[in-house]
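Novice: I have a structure I would like to understand better, so I am pasting it below and will then ask my questions one at a time.
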Amino acid sequence: MSADLDRTRAVWRQAAQIVIGRIKDGTYPPGTRVPSTLELATELGIAASTSQKALAHLRREGWLRGESGIGTFVADQPPIDS
């Protein structure tokens, strides 16, 4: 597990917060592709199932949208609160 992640808190929530932070700071602008489940897992040093849970949560919350067979993208209008 990455040294930046706190083992006492839910890792998937921390991964989700990292992606939200990148959306907010412009690293991932609206409409751009975000790393895949495996790419995010490798980058953060977490299990693929953990990154999958984080990305699924962000899709449900309106931060991301999935395109079947293409990837996951930042929503055109991500939530402003959170």
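In the structure tokens, the first chain shown is A, the next is B, and so on; residue numbers restart at 1 for each chain, and ligands run from 1 in the order shown.
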So which residues touch segment 15-25 of chain A within 7 Å, counting only C-alpha atoms, skipping near sequence neighbours fewer than 6 positions away, as a PyMOL selection string?

Specialist: chain A and resi 51+54-55+58

Novice: Given the selection you just returned, output its residues as a file containing N, CA and C atoms, formatted as a PDB file, in the first residue's frame.

Specialist:
ATOM      1  N   SER A  51      -9.533  -0.052  -6.096  1.00  0.00           N
ATOM      2  CA  SER A  51      -9.653   1.061  -7.033  1.00  0.00           C
ATOM      3  C   SER A  51     -10.962   0.975  -7.802  1.00  0.00           C
ATOM      4  N   ALA A  54     -13.582   2.501  -5.636  1.00  0.00           N
ATOM      5  CA  ALA A  54     -13.454   3.961  -5.625  1.00  0.00           C
ATOM      6  C   ALA A  54     -14.047   4.573  -6.890  1.00  0.00           C
ATOM      7  N   LEU A  55     -13.703   4.014  -8.046  1.00  0.00           N
ATOM      8  CA  LEU A  55     -14.215   4.559  -9.309  1.00  0.00           C
ATOM      9  C   LEU A  55     -15.727   4.367  -9.439  1.00  0.00           C
ATOM     10  N   LEU A  58     -17.387   7.048  -7.436  1.00  0.00           N
ATOM     11  CA  LEU A  58     -17.327   8.339  -8.110  1.00  0.00           C
ATOM     12  C   LEU A  58     -18.295   8.423  -9.282  1.00  0.00           C
TER      13      LEU A  58
END

Novice: Can you tell me which residues surround segment 60-72 of chain A at a distance of at most 10 Å, considering only C-alpha atoms, apart from same-chain residues fewer than 6 positions away, and format the answer as a list in words?

Specialist: Ala16, Val19, Ile20, Ile23, Pro30, Gly31, Thr32, Arg33, Val34, Pro35, Ser36, Thr37, Pro78, Pro79, Ile80 and Ser82 of chain A

Novice: If you run DSSP over the backbone, which residues in chain A end up alpha helix (DSSP H)? Put them as a ChimeraX atom specification.

Specialist: /A:11-24,37-44,48-60

Novice: Report the distance between atom CA of Ala47 of chain A and atom CA of Asp76 of chain A in Å, rounded to one decimal place.

Specialist: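 Going from atom CA of Ala47 of chain A over to atom CA of Asp76 of chain A, I get 28.1 Å.
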
Novice: What are the DSSP strand (DSSP E or B) residues of chain A, as a list in words?

Specialist: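 DSSP-assigned strand (DSSP E or B) residues in chain A: Arg33, Leu64, Arg65, Gly66, Glu67, Gly71, Thr72, Phe73 and Val74 of chain A.
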
Novice: Choose the residue, out of A:Trp12, A:Thr27, A:Asp6, A:His57, that has the smallest atom-to-atom separation from Leu40 of chain A; count only C-alpha atoms.

Specialist: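 Nearest to Leu40 of chain A: A:Trp12.
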
Novice: Just to confirm, what's the straight-line distance from atom CA of Gly26 of chain A to atom CA of Leu5 of chain A in Å (one decimal)?

Specialist: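 A separation of 21.6 Å between them.
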
Novice: What gap, in Å, lies between atom CA of Gln14 of chain A and atom CA of Tyr28 of chain A?

Specialist: 16.9 Å
